[in-house]
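Source file: my_file18.pdb (PDB, C-alpha atoms)
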```
ATOM      1  CA  MET A  23      27.386  45.493 112.891
ATOM      2  CA  SER A  24      27.314  48.985 111.373
ATOM      3  CA  ASP A  25      27.633  49.774 107.685
ATOM      4  CA  THR A  26      30.925  51.529 108.402
ATOM      5  CA  THR A  27      32.406  48.390 109.907
ATOM      6  CA  GLU A  28      31.184  46.275 107.021
ATOM      7  CA  ARG A  29      32.812  48.615 104.485
ATOM      8  CA  GLN A  30      36.276  48.634 105.989
ATOM      9  CA  GLN A  31      39.175  48.931 103.598
ATOM     10  CA  GLY A  32      39.979  45.593 101.989
ATOM     11  CA  THR A  33      36.438  44.236 102.234
ATOM     12  CA  ARG A  34      35.223  42.789  98.932
ATOM     13  CA  ARG A  35      31.880  44.401  98.158
ATOM     14  CA  PHE A  36      31.166  42.629  94.878
ATOM     15  CA  GLY A  37      30.830  38.997  95.943
ATOM     16  CA  ARG A  38      33.305  36.156  96.132
ATOM     17  CA  VAL A  39      34.500  36.753  92.552
ATOM     18  CA  ASN A  40      35.138  40.115  90.939
ATOM     19  CA  TRP A  41      33.623  39.124  87.601
ATOM     20  CA  LEU A  42      33.698  42.652  86.202
ATOM     21  CA  GLY A  43      37.346  43.183  87.092
ATOM     22  CA  MET A  44      38.378  39.795  85.730
ATOM     23  CA  TRP A  45      36.428  40.398  82.513
ATOM     24  CA  THR A  46      38.014  43.843  82.151
ATOM     25  CA  LEU A  47      41.520  42.415  82.495
ATOM     26  CA  ALA A  48      40.767  39.653  79.979
ATOM     27  CA  LEU A  49      39.307  42.241  77.595
ATOM     28  CA  ARG A  50      42.388  44.424  77.952
ATOM     29  CA  GLU A  51      44.676  41.492  77.160
ATOM     30  CA  THR A  52      42.538  40.598  74.142
ATOM     31  CA  ARG A  53      42.389  44.120  72.749
ATOM     32  CA  ARG A  54      46.125  44.400  73.269
ATOM     33  CA  PHE A  55      46.954  41.695  70.727
ATOM     34  CA  LEU A  56      44.061  42.526  68.400
ATOM     35  CA  ALA A  57      45.355  46.098  68.072
ATOM     36  CA  VAL A  58      48.464  44.736  66.333
ATOM     37  CA  TRP A  59      46.825  41.768  64.586
ATOM     38  CA  THR A  60      49.307  41.800  61.716
ATOM     39  CA  GLN A  61      52.044  40.900  64.205
ATOM     40  CA  THR A  62      50.081  38.674  66.562
ATOM     41  CA  LEU A  63      47.775  36.798  64.162
ATOM     42  CA  MET A  64      48.936  37.282  60.580
ATOM     43  CA  ALA A  65      52.658  36.764  61.217
ATOM     44  CA  PRO A  66      52.205  33.329  62.906
ATOM     45  CA  LEU A  67      49.944  32.259  60.032
ATOM     46  CA  VAL A  68      52.607  33.202  57.477
ATOM     47  CA  THR A  69      55.335  31.472  59.499
ATOM     48  CA  ALA A  70      53.310  28.255  59.756
ATOM     49  CA  GLY A  71      52.607  28.410  56.020
ATOM     50  CA  LEU A  72      56.308  28.784  55.261
ATOM     51  CA  PHE A  73      57.126  25.787  57.459
ATOM     52  CA  LEU A  74      54.611  23.633  55.598
ATOM     53  CA  LEU A  75      55.747  24.903  52.192
ATOM     54  CA  ILE A  76      59.445  24.362  52.842
ATOM     55  CA  PHE A  77      59.021  20.876  54.287
ATOM     56  CA  ASN A  78      56.626  19.914  51.512
ATOM     57  CA  VAL A  79      59.015  21.055  48.777
ATOM     58  CA  ALA A  80      62.244  19.879  50.398
ATOM     59  CA  ILE A  81      61.212  16.587  52.027
ATOM     60  CA  GLY A  82      57.592  15.807  51.225
ATOM     61  CA  PRO A  83      58.061  14.154  47.797
ATOM     62  CA  THR A  84      60.835  11.821  49.005
ATOM     63  CA  ARG A  85      59.702  11.083  52.570
ATOM     64  CA  GLY A  86      57.592   7.999  53.141
ATOM     65  CA  ASP A  87      54.430   7.873  55.216
ATOM     66  CA  VAL A  88      54.660   8.494  58.950
ATOM     67  CA  MET A  89      52.112   6.781  61.216
ATOM     68  CA  GLY A  90      50.156   5.832  58.120
ATOM     69  CA  VAL A  91      49.792   9.362  56.706
ATOM     70  CA  GLY A  92      51.836  11.568  54.397
ATOM     71  CA  PHE A  93      54.721  13.450  55.973
ATOM     72  CA  VAL A  94      53.193  16.902  55.458
ATOM     73  CA  HIS A  95      49.912  15.764  57.026
ATOM     74  CA  PHE A  96      51.879  14.316  59.944
ATOM     75  CA  LEU A  97      53.759  17.593  60.287
ATOM     76  CA  ALA A  98      50.775  19.982  60.137
ATOM     77  CA  PRO A  99      49.236  19.361  63.624
ATOM     78  CA  GLY A 100      52.657  19.717  65.237
ATOM     79  CA  ILE A 101      53.300  23.038  63.532
ATOM     80  CA  LEU A 102      49.839  24.236  64.524
ATOM     81  CA  MET A 103      50.359  23.378  68.204
ATOM     82  CA  MET A 104      53.892  24.777  68.179
ATOM     83  CA  THR A 105      52.524  28.067  66.840
ATOM     84  CA  VAL A 106      49.728  28.100  69.434
ATOM     85  CA  ILE A 107      51.959  27.590  72.443
ATOM     86  CA  GLN A 108      54.580  30.083  71.296
ATOM     87  CA  ASN A 109      51.938  32.771  70.802
ATOM     88  CA  SER A 110      50.169  32.031  74.090
ATOM     89  CA  PHE A 111      53.471  32.288  75.937
ATOM     90  CA  ALA A 112      54.473  35.483  74.138
ATOM     91  CA  ASN A 113      51.122  37.180  74.729
ATOM     92  CA  VAL A 114      51.179  36.793  78.501
ATOM     93  CA  SER A 115      54.891  37.166  79.162
ATOM     94  CA  SER A 116      55.293  40.276  76.992
ATOM     95  CA  SER A 117      52.282  41.956  78.608
ATOM     96  CA  ILE A 118      53.705  41.557  82.098
ATOM     97  CA  VAL A 119      57.285  42.460  81.175
ATOM     98  CA  ILE A 120      56.227  45.584  79.263
ATOM     99  CA  SER A 121      54.129  46.707  82.248
ATOM    100  CA  LYS A 122      57.085  46.180  84.591
ATOM    101  CA  VAL A 123      59.573  47.958  82.329
ATOM    102  CA  GLN A 124      57.222  50.918  81.759
ATOM    103  CA  GLY A 125      56.386  51.066  85.454
ATOM    104  CA  ASN A 126      52.617  50.716  85.042
ATOM    105  CA  ILE A 127      52.265  47.213  86.505
ATOM    106  CA  VAL A 128      50.787  49.011  89.514
ATOM    107  CA  ASP A 129      47.705  49.761  87.398
ATOM    108  CA  THR A 130      47.037  46.016  87.300
ATOM    109  CA  LEU A 131      47.928  45.314  90.923
ATOM    110  CA  MET A 132      45.936  48.169  92.522
ATOM    111  CA  PRO A 133      42.393  47.151  91.446
ATOM    112  CA  PRO A 134      40.553  44.742  93.784
ATOM    113  CA  LEU A 135      41.587  41.594  91.936
ATOM    114  CA  SER A 136      42.657  38.443  93.761
ATOM    115  CA  ALA A 137      45.604  36.341  92.633
ATOM    116  CA  MET A 138      43.239  33.840  91.008
ATOM    117  CA  GLU A 139      41.393  36.611  89.157
ATOM    118  CA  LEU A 140      44.674  38.017  87.856
ATOM    119  CA  LEU A 141      45.703  34.537  86.752
ATOM    120  CA  VAL A 142      42.447  33.904  84.883
ATOM    121  CA  GLY A 143      42.427  37.361  83.285
ATOM    122  CA  TYR A 144      45.923  37.014  81.866
ATOM    123  CA  LEU A 145      45.368  33.418  80.767
ATOM    124  CA  ALA A 146      42.190  34.364  78.916
ATOM    125  CA  GLY A 147      44.157  36.619  76.574
ATOM    126  CA  GLY A 148      46.851  34.014  75.937
ATOM    127  CA  ILE A 149      44.392  31.179  75.318
ATOM    128  CA  LEU A 150      42.221  33.277  73.003
ATOM    129  CA  ARG A 151      45.219  34.351  70.932
ATOM    130  CA  GLY A 152      46.261  30.714  70.593
ATOM    131  CA  LEU A 153      42.734  29.695  69.566
ATOM    132  CA  LEU A 154      42.521  32.435  66.917
ATOM    133  CA  VAL A 155      45.905  31.512  65.463
ATOM    134  CA  ALA A 156      44.947  27.827  65.410
ATOM    135  CA  THR A 157      41.631  28.579  63.703
ATOM    136  CA  ALA A 158      43.363  30.644  61.029
ATOM    137  CA  ILE A 159      45.872  27.870  60.312
ATOM    138  CA  ALA A 160      43.224  25.132  60.217
ATOM    139  CA  VAL A 161      40.803  27.096  58.040
ATOM    140  CA  ILE A 162      43.272  28.737  55.638
ATOM    141  CA  LEU A 163      46.318  26.443  55.424
ATOM    142  CA  PHE A 164      45.010  22.924  56.031
ATOM    143  CA  PRO A 165      42.743  22.860  52.929
ATOM    144  CA  PHE A 166      45.751  23.695  50.729
ATOM    145  CA  ILE A 167      47.434  20.443  51.761
ATOM    146  CA  GLY A 168      44.195  18.442  51.663
ATOM    147  CA  LEU A 169      43.931  18.006  55.431
ATOM    148  CA  TRP A 170      40.729  18.125  57.484
ATOM    149  CA  VAL A 171      40.348  17.901  61.262
ATOM    150  CA  GLN A 172      38.696  14.603  62.180
ATOM    151  CA  ASN A 173      37.543  15.659  65.639
ATOM    152  CA  PRO A 174      37.219  19.481  65.898
ATOM    153  CA  LEU A 175      35.879  19.445  69.473
ATOM    154  CA  LEU A 176      38.773  17.335  70.744
ATOM    155  CA  ALA A 177      41.212  19.524  68.826
ATOM    156  CA  LEU A 178      39.709  22.581  70.534
ATOM    157  CA  VAL A 179      40.290  20.979  73.940
ATOM    158  CA  TRP A 180      43.942  20.275  73.188
ATOM    159  CA  ILE A 181      44.532  23.778  71.806
ATOM    160  CA  ALA A 182      42.944  25.395  74.872
ATOM    161  CA  LEU A 183      45.014  23.143  77.137
ATOM    162  CA  GLY A 184      48.182  24.078  75.262
ATOM    163  CA  GLY A 185      47.348  27.767  75.580
ATOM    164  CA  ALA A 186      46.696  27.375  79.303
ATOM    165  CA  PHE A 187      49.966  25.496  79.920
ATOM    166  CA  LEU A 188      52.241  27.905  78.035
ATOM    167  CA  GLY A 189      50.179  30.885  79.164
ATOM    168  CA  SER A 190      50.805  29.897  82.788
ATOM    169  CA  LEU A 191      54.493  29.459  81.994
ATOM    170  CA  GLY A 192      54.395  32.895  80.359
ATOM    171  CA  ILE A 193      53.058  34.424  83.576
ATOM    172  CA  VAL A 194      55.869  32.824  85.581
ATOM    173  CA  ALA A 195      58.466  33.988  83.064
ATOM    174  CA  GLY A 196      57.002  37.485  82.845
ATOM    175  CA  ILE A 197      56.991  37.914  86.615
ATOM    176  CA  PHE A 198      60.525  36.550  86.952
ATOM    177  CA  ALA A 199      61.999  38.711  84.171
ATOM    178  CA  ASN A 200      62.707  42.360  84.842
ATOM    179  CA  LYS A 201      63.867  43.285  81.326
ATOM    180  CA  PHE A 202      63.413  42.175  77.749
ATOM    181  CA  ASP A 203      66.682  40.275  77.370
ATOM    182  CA  GLN A 204      65.712  38.043  80.302
ATOM    183  CA  ILE A 205      62.397  37.078  78.696
ATOM    184  CA  ALA A 206      64.250  36.532  75.406
ATOM    185  CA  ALA A 207      66.634  34.153  77.169
ATOM    186  CA  ILE A 208      63.732  32.193  78.650
ATOM    187  CA  THR A 209      62.138  31.969  75.211
ATOM    188  CA  ASN A 210      65.352  30.852  73.500
ATOM    189  CA  PHE A 211      66.575  28.378  76.100
ATOM    190  CA  ILE A 212      63.315  26.957  77.482
ATOM    191  CA  VAL A 213      60.289  27.532  75.265
ATOM    192  CA  THR A 214      61.960  26.930  71.890
ATOM    193  CA  PRO A 215      63.656  23.650  72.946
ATOM    194  CA  LEU A 216      60.380  22.460  74.484
ATOM    195  CA  SER A 217      58.696  23.139  71.146
ATOM    196  CA  PHE A 218      61.290  21.628  68.825
ATOM    197  CA  LEU A 219      62.177  18.573  70.949
ATOM    198  CA  SER A 220      58.571  17.443  71.184
ATOM    199  CA  GLY A 221      57.891  15.317  68.131
ATOM    200  CA  THR A 222      56.813  18.223  65.960
ATOM    201  CA  PHE A 223      58.979  17.148  63.044
ATOM    202  CA  TYR A 224      59.437  13.441  63.780
ATOM    203  CA  SER A 225      57.876  10.329  65.254
ATOM    204  CA  LEU A 226      59.460   9.012  68.440
ATOM    205  CA  ASP A 227      59.790   5.580  66.833
ATOM    206  CA  SER A 228      62.605   6.963  64.684
ATOM    207  CA  MET A 229      64.565   8.511  67.565
ATOM    208  CA  PRO A 230      67.431   7.071  69.667
ATOM    209  CA  PRO A 231      66.394   5.817  73.129
ATOM    210  CA  ILE A 232      67.907   8.802  74.971
ATOM    211  CA  LEU A 233      66.017  11.353  72.875
ATOM    212  CA  ARG A 234      62.867   9.254  73.176
ATOM    213  CA  THR A 235      63.167   9.364  76.966
ATOM    214  CA  ILE A 236      63.710  13.136  76.934
ATOM    215  CA  SER A 237      60.669  13.636  74.715
ATOM    216  CA  HIS A 238      58.476  11.559  77.039
ATOM    217  CA  ALA A 239      59.439  13.909  79.889
ATOM    218  CA  ASN A 240      58.329  16.934  77.844
ATOM    219  CA  PRO A 241      54.674  17.971  78.359
ATOM    220  CA  VAL A 242      54.675  19.727  74.974
ATOM    221  CA  TYR A 243      55.223  16.347  73.314
ATOM    222  CA  TYR A 244      51.890  15.161  74.716
ATOM    223  CA  LEU A 245      50.203  18.369  73.549
ATOM    224  CA  ILE A 246      51.381  17.825  69.981
ATOM    225  CA  ASP A 247      50.640  14.116  70.083
ATOM    226  CA  GLY A 248      47.145  14.757  71.447
ATOM    227  CA  LEU A 249      46.360  17.315  68.774
ATOM    228  CA  ARG A 250      47.742  14.943  66.146
ATOM    229  CA  PHE A 251      45.295  12.327  67.375
ATOM    230  CA  ALA A 252      42.408  14.806  67.136
ATOM    231  CA  VAL A 253      43.394  15.846  63.604
ATOM    232  CA  LEU A 254      44.627  12.563  62.104
ATOM    233  CA  GLY A 255      43.239   9.866  64.387
ATOM    234  CA  ALA A 256      46.771   8.533  65.024
ATOM    235  CA  SER A 257      49.257   9.162  67.824
ATOM    236  CA  ASP A 258      52.518   7.882  69.329
ATOM    237  CA  SER A 259      51.178   7.557  72.880
ATOM    238  CA  PRO A 260      47.748   7.013  74.490
ATOM    239  CA  PRO A 261      45.816  10.320  74.352
ATOM    240  CA  VAL A 262      44.402   9.761  77.855
ATOM    241  CA  LEU A 263      47.923   9.508  79.297
ATOM    242  CA  GLY A 264      48.884  12.689  77.463
ATOM    243  CA  PHE A 265      45.843  14.538  78.776
ATOM    244  CA  VAL A 266      46.646  13.570  82.369
ATOM    245  CA  VAL A 267      50.306  14.615  82.023
ATOM    246  CA  VAL A 268      49.464  17.970  80.443
ATOM    247  CA  ALA A 269      46.612  18.699  82.866
ATOM    248  CA  LEU A 270      48.820  18.028  85.889
ATOM    249  CA  SER A 271      51.676  20.066  84.397
ATOM    250  CA  THR A 272      49.307  22.957  83.719
ATOM    251  CA  LEU A 273      47.933  22.857  87.257
ATOM    252  CA  ALA A 274      51.462  22.849  88.694
ATOM    253  CA  VAL A 275      52.657  25.839  86.641
ATOM    254  CA  ALA A 276      49.376  27.723  87.187
ATOM    255  CA  ALA A 277      49.705  27.147  90.943
ATOM    256  CA  LEU A 278      53.205  28.664  90.837
ATOM    257  CA  ALA A 279      51.896  31.662  88.889
ATOM    258  CA  TRP A 280      49.046  32.059  91.410
ATOM    259  CA  TRP A 281      51.540  32.031  94.291
ATOM    260  CA  MET A 282      53.674  34.666  92.569
ATOM    261  CA  PHE A 283      50.666  36.960  92.193
ATOM    262  CA  ARG A 284      49.540  36.315  95.779
ATOM    263  CA  ALA A 285      52.990  36.931  97.247
ATOM    264  CA  GLY A 286      53.784  39.872  94.958
ATOM    265  CA  TYR A 287      57.016  38.139  94.000
ATOM    266  CA  ARG A 288      59.147  40.520  91.886
ATOM    267  CA  LEU A 289      56.033  42.654  91.420
ATOM    268  CA  LYS A 290      55.839  44.718  94.608
ATOM    269  CA  SER A 291      58.714  46.740  95.986
TER
END
```
Rewrite the coordinates I just gave you, this time as structure tokens.
Amino acid sequence: MSDTTERQQGTRRFGRVNWLGMWTLALRETRRFLAVWTQTLMAPLVTAGLFLLIFNVAIGPTRGDVMGVGFVHFLAPGILMMTVIQNSFANVSSSIVISKVQGNIVDTLMPPLSAMELLVGYLAGGILRGLLVATAIAVILFPFIGLWVQNPLLALVWIALGGAFLGSLGIVAGIFANKFDQIAAITNFIVTPLSFLSGTFYSLDSMPPILRTISHANPVYYLIDGLRFAVLGASDSPPVLGFVVVALSTLAVAALAWWMFRAGYRLKS
């Protein structure tokens, strides 16, 4: 076979995986949020601090222990995970929507990147932003309330899993939305309820049966409960069950995002 035949258009000449292209996309997504770090990293830190301060002042002194720990300590892991998933979702979804609105999404689709490479590149930015926000909260805010992470490695796993799940959902939302008000609607009516109805501010033992059932069907509940186990050593449900539920949910949403990239759904005219 001649060299000309081997170099036909569409032939991948850099191996089975375009590592350079995938790394470049991940680097672009990372530099994108680092360029406006006051909005993407500092603002979530301040918001999480305000949550902890307000709950500590308003409820902390009068609220009894929850799951054997003080209320503010019970609350802190949930707020951390809620902040992580919201930022991971926002990082990926906003990147795609802005590219579509500005008409430069073609600059991402034209390079020789497969659907899986696009998926990994976008997710890398979302997961890293979530990890940086989580680190800032744990290092700066947790010591002020006298809280220390019992199992940092396990906490890292849960944070990365949360970033991957909401990052994948952010890809799906970003591809589906064609304008900013559509992504805002998805955030307000899907992501925010998933975050708030997930045991962030309460233990399921105190909830009515119907709300308890709804929470058990919410993958974000298992994310928060798993991180709470890593930080406090206590949880509402078995951490292994939560890991399986979240892992399967992440694979399902990531598979949908992969299909959207592969098919060019709402991306190619």
Residues near Arg284 in chain A, anyone? I mean within 9 Å using all atoms listed in the file, not counting same-chain ones fewer than 6 positions away, as a VMD selection string. chain A and resid 136 to 138
Selection in question (the file shown): the PyMOL selection byres ((chain A and resi 163) around 12). Which residues does it include, as number ranges by chain? A: 66-75, 94-95, 98-99, 101-102, 155-162, 164-171
From the options A:Met89, A:Met44, A:Leu135, A:Leu150, which residue's atoms come nearest to Phe111 in chain A, counting all atoms listed in the file?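 Selected residue with least distance to Phe111 in chain A: A:Leu150.
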Selection result of the PyMOL selection byres ((chain A and resi 247) around 9) on this file, as a PDB file with C-alpha atoms, keeping the file's coordinate frame:
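Saved result, out-v8.pdb, follows:
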```
ATOM      1  CA  PRO A  99      49.236  19.361  63.624  1.00  0.00           C
ATOM      2  CA  GLY A 100      52.657  19.717  65.237  1.00  0.00           C
ATOM      3  CA  SER A 220      58.571  17.443  71.184  1.00  0.00           C
ATOM      4  CA  GLY A 221      57.891  15.317  68.131  1.00  0.00           C
ATOM      5  CA  THR A 222      56.813  18.223  65.960  1.00  0.00           C
ATOM      6  CA  VAL A 242      54.675  19.727  74.974  1.00  0.00           C
ATOM      7  CA  TYR A 243      55.223  16.347  73.314  1.00  0.00           C
ATOM      8  CA  TYR A 244      51.890  15.161  74.716  1.00  0.00           C
ATOM      9  CA  LEU A 245      50.203  18.369  73.549  1.00  0.00           C
ATOM     10  CA  ILE A 246      51.381  17.825  69.981  1.00  0.00           C
ATOM     11  CA  GLY A 248      47.145  14.757  71.447  1.00  0.00           C
ATOM     12  CA  LEU A 249      46.360  17.315  68.774  1.00  0.00           C
ATOM     13  CA  ARG A 250      47.742  14.943  66.146  1.00  0.00           C
ATOM     14  CA  PHE A 251      45.295  12.327  67.375  1.00  0.00           C
ATOM     15  CA  ALA A 252      42.408  14.806  67.136  1.00  0.00           C
ATOM     16  CA  ALA A 256      46.771   8.533  65.024  1.00  0.00           C
ATOM     17  CA  SER A 257      49.257   9.162  67.824  1.00  0.00           C
ATOM     18  CA  ASP A 258      52.518   7.882  69.329  1.00  0.00           C
ATOM     19  CA  SER A 259      51.178   7.557  72.880  1.00  0.00           C
ATOM     20  CA  PRO A 260      47.748   7.013  74.490  1.00  0.00           C
ATOM     21  CA  PRO A 261      45.816  10.320  74.352  1.00  0.00           C
ATOM     22  CA  GLY A 264      48.884  12.689  77.463  1.00  0.00           C
TER      23      GLY A 264
END
```
Do you know which residues are at most 8 Å from Val275 in chain A counting all atoms listed in the file, after dropping those on the same chain fewer than 5 positions away, and could you put them as a list in words?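 Result of the neighbour search: Phe187, Ser190, Leu191 and Val194 of chain A.
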Work out how far CA of Val253 in chain A is from CA of Trp180 in chain A, in Å to one decimal.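 CA of Trp180 in chain A sits 10.6 Å away from CA of Val253 in chain A.
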Explicit residues for the PyMOL selection byres ((chain A and resi 46) around 12) (as a PyMOL selection string): chain A and resi 40-45+47-53+130+133-135+139-140+142-144+146-147
Selection export as an mmCIF file, keeping the file's coordinate frame, atoms kept: C-alpha atoms:
```
data_model
loop_
_atom_site.group_PDB
_atom_site.id
_atom_site.type_symbol
_atom_site.label_atom_id
_atom_site.label_comp_id
_atom_site.auth_asym_id
_atom_site.auth_seq_id
_atom_site.Cartn_x
_atom_site.Cartn_y
_atom_site.Cartn_z
ATOM 1 C CA ASN A 40 35.138 40.115 90.939
ATOM 2 C CA TRP A 41 33.623 39.124 87.601
ATOM 3 C CA LEU A 42 33.698 42.652 86.202
ATOM 4 C CA GLY A 43 37.346 43.183 87.092
ATOM 5 C CA MET A 44 38.378 39.795 85.730
ATOM 6 C CA TRP A 45 36.428 40.398 82.513
ATOM 7 C CA LEU A 47 41.520 42.415 82.495
ATOM 8 C CA ALA A 48 40.767 39.653 79.979
ATOM 9 C CA LEU A 49 39.307 42.241 77.595
ATOM 10 C CA ARG A 50 42.388 44.424 77.952
ATOM 11 C CA GLU A 51 44.676 41.492 77.160
ATOM 12 C CA THR A 52 42.538 40.598 74.142
ATOM 13 C CA ARG A 53 42.389 44.120 72.749
ATOM 14 C CA THR A 130 47.037 46.016 87.300
ATOM 15 C CA PRO A 133 42.393 47.151 91.446
ATOM 16 C CA PRO A 134 40.553 44.742 93.784
ATOM 17 C CA LEU A 135 41.587 41.594 91.936
ATOM 18 C CA GLU A 139 41.393 36.611 89.157
ATOM 19 C CA LEU A 140 44.674 38.017 87.856
ATOM 20 C CA VAL A 142 42.447 33.904 84.883
ATOM 21 C CA GLY A 143 42.427 37.361 83.285
ATOM 22 C CA TYR A 144 45.923 37.014 81.866
ATOM 23 C CA ALA A 146 42.190 34.364 78.916
ATOM 24 C CA GLY A 147 44.157 36.619 76.574
#
```
Incomplete range 259-274 of chain A filled out to N, CA, C and O atoms as a CSV table (one decimal), keeping the file's coordinate frame:
```
chain,number,residue,atom,x,y,z
A,259,SER,N,51.5,8.0,71.5
A,259,SER,CA,51.2,7.6,72.9
A,259,SER,C,49.7,7.6,73.1
A,259,SER,O,49.0,8.3,72.4
A,260,PRO,N,49.2,7.0,74.2
A,260,PRO,CA,47.7,7.0,74.5
A,260,PRO,C,47.3,8.4,74.8
A,260,PRO,O,47.9,9.1,75.6
A,261,PRO,N,46.3,8.9,74.1
A,261,PRO,CA,45.8,10.3,74.4
A,261,PRO,C,45.4,10.6,75.8
A,261,PRO,O,45.6,11.7,76.3
A,262,VAL,N,44.8,9.6,76.5
A,262,VAL,CA,44.4,9.8,77.9
A,262,VAL,C,45.6,10.0,78.8
A,262,VAL,O,45.6,10.9,79.6
A,263,LEU,N,46.7,9.3,78.5
A,263,LEU,CA,47.9,9.5,79.3
A,263,LEU,C,48.4,10.9,79.1
A,263,LEU,O,48.8,11.6,80.0
A,264,GLY,N,48.4,11.3,77.8
A,264,GLY,CA,48.9,12.7,77.5
A,264,GLY,C,48.0,13.8,78.1
A,264,GLY,O,48.6,14.8,78.6
A,265,PHE,N,46.7,13.6,78.2
A,265,PHE,CA,45.8,14.5,78.8
A,265,PHE,C,46.1,14.7,80.3
A,265,PHE,O,46.2,15.8,80.8
A,266,VAL,N,46.4,13.5,80.9
A,266,VAL,CA,46.6,13.6,82.4
A,266,VAL,C,48.0,14.3,82.6
A,266,VAL,O,48.1,15.1,83.5
A,267,VAL,N,49.0,14.0,81.8
A,267,VAL,CA,50.3,14.6,82.0
A,267,VAL,C,50.2,16.1,81.8
A,267,VAL,O,50.7,16.9,82.6
A,268,VAL,N,49.6,16.5,80.7
A,268,VAL,CA,49.5,18.0,80.4
A,268,VAL,C,48.6,18.7,81.5
A,268,VAL,O,48.9,19.8,81.9
A,269,ALA,N,47.5,18.1,81.9
A,269,ALA,CA,46.6,18.7,82.9
A,269,ALA,C,47.3,18.9,84.2
A,269,ALA,O,47.2,20.0,84.8
A,270,LEU,N,48.1,17.9,84.6
A,270,LEU,CA,48.8,18.0,85.9
A,270,LEU,C,49.9,19.1,85.8
A,270,LEU,O,50.2,19.8,86.7
A,271,SER,N,50.6,19.1,84.6
A,271,SER,CA,51.7,20.1,84.4
A,271,SER,C,51.1,21.5,84.4
A,271,SER,O,51.7,22.4,85.0
A,272,THR,N,49.9,21.6,83.8
A,272,THR,CA,49.3,23.0,83.7
A,272,THR,C,48.9,23.4,85.1
A,272,THR,O,49.1,24.6,85.5
A,273,LEU,N,48.3,22.5,85.9
A,273,LEU,CA,47.9,22.9,87.3
A,273,LEU,C,49.1,23.3,88.1
A,273,LEU,O,49.1,24.2,88.9
A,274,ALA,N,50.3,22.5,87.9
A,274,ALA,CA,51.5,22.8,88.7
A,274,ALA,C,52.0,24.2,88.3
A,274,ALA,O,52.3,25.0,89.2
```
